[in-house]
Amino acid sequence: MSEEKKEELTQEEKDKIEFNKQLKFAQGSVSSKNVGEISSSRSGVSFDQLQSALQDPYSNVAFIQQVSKILYASNGIYYRLIENFTNIPMYDLYLSPTTIIGFNGKSNTVDKMNKEYEQIAQLIEKINYKYNFKWFGRQLLLYGELFLYKVEDNNGIFYKAMPNDICRISGVMENNILKYSLNLSKLSNANLLATMPVPIQKLYEKFANGSLANDEKLVDNYYYLEENEAVAFLFDDGNIRNKGISPFCYLFDKIYRVDEIEDDELSSTAADNLKLIHMKIPTNEEGELMMDTDIIGQYHQAAKQNLPKGCAITTNPLNMEVFTTQRQAQSTLTASQKAYESVYTSSGVNSELFNGARSSNESVLNSIKTDEMVVDRLNLIFCNFINYEIKNKKRNAMWKVEMLRNTYFNKKDIQTAERESITIGGNKLRYLAACGYTPLTALSSLLYESTLGLEQHFHPVTSSYNSANGEDNGRPSNSENDNVENNTGQAENGGGK
């Protein structure tokens, strides 16, 4: 604006221009470096959305399962809980006979039972149950449901986990074995269809060309997979619905609270450690600025550009005071520590199991026992399943699977108990299972060693409690000890002379 035009302005207009100029400066008078807010929505799902879904979980199955998947990938507490429960069962099993030789006039012979034992043991070996049951269990704990499709060839058995969002429970067979239906309309996605087993791809081709229009197994685009290859599981199989949810979904809001509180604590710590530089603008007795705001702005920008990390600067004519509403801590635990404890308390898992800070061995042991009770349901589910697989091969099988139901924590105690049991005629197959042998390796190892006569060539190393070749090796008897002591005393007396 030219000087002539400035002179033409009234004093009121000049004051307004100056006011707007100072207002603009005031709006940008605070600057910081590396001091920002922390986002609490780490999983991409808001707390309000989660709480709303948890009001009726079975009506929001897809949402609840998605949250479980996200938390497993992003939250350490939830990941550790799932992995803890997943890896507790050992899934050691053995074969138990379902018939008695010669009882009630039956003509079953030992040779026939031996042959069938071998066939069933080889089937179990192909199932690779110790590996597969682990990830089966993890899926059930994460989503509350699992839909499998079996693909078998001469090399082994492969289980394909079908996408949860296109499957639903449609039937129950004996021993609570569940069957499911597949939404064929969802397979129009070429990428998804390419991941499906060949029989499912052929089924979709029939659906796409209308060949299944009159098939009774097709209801609302869901096709009932009746064949033995398709099996489903629900973690809560005592309350059968067409869908399942994560058994730990009641923890989700508490886990979200932990993240929220952690973010608040980090923000509070950042605020407590913030260094604020105050450049005070000189004013006259009337409170008017004694420097032009353009010049002041240059000083502010120059200082801002050279701020160290964690510092902020404000340039204004005001006196500054710092107040805080933070109360003095009344507890040795922080808010986030209390929130962590709340999650573990709600889950029933003792936090000392993961991050021990106190001496509470007894409470940890009791917590482990309750954890074992929770995952014992997995043992029951998979025991039914593997016997179902046996019946598909042998309708009137003379052997069935029994789960030992030992765990990662009690496996040594179980081994000890089974070892003591066989000394009084207990089940040797149970003992071998407790040692980690599969039904095939248990019996084949025993037979092979017996056939080769390995026990004749394997001699234990001589120790304090055994002897070799009938010689009197090992620890001296009491009488021998007495002689040694007497001789020693005589030698000492003789030496004294």
# chains A, B, ... in the order shown; residues from 1 in each chain; ligands from 1
call {"tool": "residues_around", "arguments": {"residues": "Gln139 in chain A", "least_positions_apart": "2", "cutoff": "12 Å", "atoms": "only C-alpha atoms", "output": "tab-separated table (two decimals) with N, CA, C and O atoms, in the first residue's frame"}}
result
chain	number	residue	atom	x	y	z
A	65	GLN	N	-13.90	-61.58	14.06
A	65	GLN	CA	-12.78	-62.39	13.59
A	65	GLN	C	-11.68	-61.53	12.99
A	65	GLN	O	-10.49	-61.82	13.15
A	68	SER	N	-9.71	-60.05	15.82
A	68	SER	CA	-8.84	-61.08	16.39
A	68	SER	C	-7.58	-61.25	15.54
A	68	SER	O	-6.46	-61.36	16.07
A	69	LYS	N	-7.75	-61.25	14.24
A	69	LYS	CA	-6.62	-61.39	13.33
A	69	LYS	C	-5.66	-60.21	13.45
A	69	LYS	O	-4.43	-60.38	13.50
A	72	TYR	N	-3.78	-60.28	16.87
A	72	TYR	CA	-2.76	-61.32	16.89
A	72	TYR	C	-1.48	-60.84	16.19
A	72	TYR	O	-0.38	-61.18	16.60
A	82	ILE	N	-2.58	-66.36	22.78
A	82	ILE	CA	-2.96	-67.36	21.78
A	82	ILE	C	-1.88	-68.43	21.65
A	82	ILE	O	-2.17	-69.64	21.63
A	83	GLU	N	-0.62	-68.02	21.59
A	83	GLU	CA	0.47	-68.98	21.44
A	83	GLU	C	0.61	-69.86	22.69
A	83	GLU	O	0.95	-71.04	22.59
A	85	PHE	N	-1.84	-70.87	24.74
A	85	PHE	CA	-2.89	-71.90	24.71
A	85	PHE	C	-2.68	-72.86	23.54
A	85	PHE	O	-2.98	-74.06	23.66
A	86	THR	N	-2.16	-72.37	22.44
A	86	THR	CA	-1.93	-73.23	21.27
A	86	THR	C	-0.91	-74.32	21.57
A	86	THR	O	-1.08	-75.48	21.15
A	132	ASN	N	-0.23	-80.73	12.39
A	132	ASN	CA	-1.52	-80.17	11.96
A	132	ASN	C	-2.41	-79.75	13.12
A	132	ASN	O	-3.09	-78.72	13.05
A	133	PHE	N	-2.43	-80.53	14.20
A	133	PHE	CA	-3.30	-80.18	15.33
A	133	PHE	C	-2.88	-78.87	15.98
A	133	PHE	O	-3.72	-78.17	16.56
A	134	LYS	N	-1.60	-78.53	15.88
A	134	LYS	CA	-1.15	-77.25	16.45
A	134	LYS	C	-1.79	-76.08	15.71
A	134	LYS	O	-2.34	-75.17	16.33
A	135	TRP	N	-1.72	-76.11	14.38
A	135	TRP	CA	-2.29	-74.96	13.67
A	135	TRP	C	-3.81	-75.04	13.61
A	135	TRP	O	-4.48	-74.00	13.54
A	136	PHE	N	-4.37	-76.26	13.67
A	136	PHE	CA	-5.83	-76.36	13.82
A	136	PHE	C	-6.26	-75.63	15.08
A	136	PHE	O	-7.21	-74.84	15.08
A	137	GLY	N	-5.55	-75.93	16.18
A	137	GLY	CA	-5.90	-75.32	17.46
A	137	GLY	C	-5.74	-73.82	17.45
A	137	GLY	O	-6.57	-73.09	18.01
A	141	LEU	N	-8.67	-71.02	18.25
A	141	LEU	CA	-8.54	-70.02	19.30
A	141	LEU	C	-8.65	-68.61	18.75
A	141	LEU	O	-9.15	-67.70	19.42
A	142	LEU	N	-8.20	-68.41	17.52
A	142	LEU	CA	-8.27	-67.09	16.90
A	142	LEU	C	-9.67	-66.75	16.42
A	142	LEU	O	-10.15	-65.63	16.61
A	143	TYR	N	-10.34	-67.72	15.78
A	143	TYR	CA	-11.60	-67.42	15.11
A	143	TYR	C	-12.79	-68.19	15.66
A	143	TYR	O	-13.94	-67.89	15.30
A	144	GLY	N	-12.55	-69.19	16.50
A	144	GLY	CA	-13.64	-69.96	17.06
A	144	GLY	C	-14.21	-71.00	16.11
A	144	GLY	O	-15.11	-71.75	16.48
A	145	GLU	N	-13.69	-71.07	14.89
A	145	GLU	CA	-14.19	-72.01	13.88
A	145	GLU	C	-13.08	-72.34	12.91
A	145	GLU	O	-12.11	-71.58	12.74
A	146	LEU	N	-13.21	-73.50	12.28
A	146	LEU	CA	-12.23	-73.93	11.27
A	146	LEU	C	-12.93	-74.84	10.28
A	146	LEU	O	-13.62	-75.78	10.66
A	147	PHE	N	-12.75	-74.52	9.00
A	147	PHE	CA	-13.35	-75.31	7.92
A	147	PHE	C	-12.22	-75.93	7.10
A	147	PHE	O	-11.40	-75.21	6.53
A	148	LEU	N	-12.17	-77.26	7.06
A	148	LEU	CA	-11.10	-77.97	6.38
A	148	LEU	C	-11.60	-78.72	5.16
A	148	LEU	O	-12.73	-79.21	5.14
A	161	ALA	N	-7.33	-75.03	4.70
A	161	ALA	CA	-8.23	-74.22	5.52
A	161	ALA	C	-9.04	-73.32	4.60
A	161	ALA	O	-8.49	-72.45	3.92
A	162	MET	N	-10.35	-73.53	4.57
A	162	MET	CA	-11.22	-72.72	3.71
A	162	MET	C	-11.48	-71.37	4.36
A	162	MET	O	-11.52	-71.26	5.60
A	163	PRO	N	-11.68	-70.31	3.57
A	163	PRO	CA	-11.95	-68.99	4.14
A	163	PRO	C	-13.22	-69.01	4.99
A	163	PRO	O	-14.26	-69.52	4.57
A	164	ASN	N	-13.13	-68.45	6.19
A	164	ASN	CA	-14.27	-68.47	7.11
A	164	ASN	C	-15.48	-67.73	6.57
A	164	ASN	O	-16.62	-68.11	6.82
A	232	ALA	N	-15.67	-79.57	9.61
A	232	ALA	CA	-15.58	-78.28	10.29
A	232	ALA	C	-15.46	-78.49	11.79
A	232	ALA	O	-15.82	-79.53	12.33
A	233	PHE	N	-14.93	-77.46	12.47
A	233	PHE	CA	-14.79	-77.50	13.93
A	233	PHE	C	-15.29	-76.18	14.51
A	233	PHE	O	-15.11	-75.11	13.92
A	234	LEU	N	-15.90	-76.26	15.67
A	234	LEU	CA	-16.21	-75.09	16.49
A	234	LEU	C	-15.51	-75.27	17.83
A	234	LEU	O	-15.55	-76.37	18.40
A	235	PHE	N	-14.87	-74.21	18.33
A	235	PHE	CA	-14.25	-74.35	19.64
A	235	PHE	C	-15.31	-74.61	20.70
A	235	PHE	O	-15.13	-75.46	21.57
A	244	GLY	N	-18.84	-69.49	14.30
A	244	GLY	CA	-18.19	-69.41	15.59
A	244	GLY	C	-17.46	-68.09	15.75
A	244	GLY	O	-17.20	-67.38	14.77
A	245	ILE	N	-17.11	-67.74	16.99
A	245	ILE	CA	-16.35	-66.52	17.26
A	245	ILE	C	-15.19	-66.86	18.18
A	245	ILE	O	-15.17	-67.90	18.83
A	246	SER	N	-14.22	-65.98	18.21
A	246	SER	CA	-13.05	-66.20	19.05
A	246	SER	C	-13.47	-66.37	20.51
A	246	SER	O	-14.24	-65.57	21.04
A	247	PRO	N	-12.97	-67.42	21.18
A	247	PRO	CA	-13.34	-67.62	22.58
A	247	PRO	C	-12.78	-66.53	23.50
A	247	PRO	O	-13.20	-66.43	24.65
A	378	LEU	N	-9.57	-78.91	23.08
A	378	LEU	CA	-8.93	-79.19	21.80
A	378	LEU	C	-8.58	-80.67	21.68
A	378	LEU	O	-8.73	-81.28	20.62
call {"tool": "select_by_dssp", "arguments": {"residues": "range 361-438 of chain A", "states": "strand (DSSP E)", "output": "PyMOL selection string"}}
result
chain A and resi 399-403
call {"tool": "atom_distance", "arguments": {"atom1": "CA of Ile166 in chain A", "atom2": "CA of Lys393 in chain A"}}
result
29.0 Å
call {"tool": "atom_distance", "arguments": {"atom1": "CA of Ser185 in chain A", "atom2": "CA of Met173 in chain A"}}
result
26.1 Å
call {"tool": "residues_around", "arguments": {"residues": "range 225-229 of chain A", "least_positions_apart": "5", "cutoff": "9 Å", "atoms": "only C-alpha atoms", "output": "count of residues only"}}
result
13
call {"tool": "atom_distance", "arguments": {"atom1": "CA of Gly436 in chain A", "atom2": "CA of Ile101 in chain A"}}
result
28.2 Å
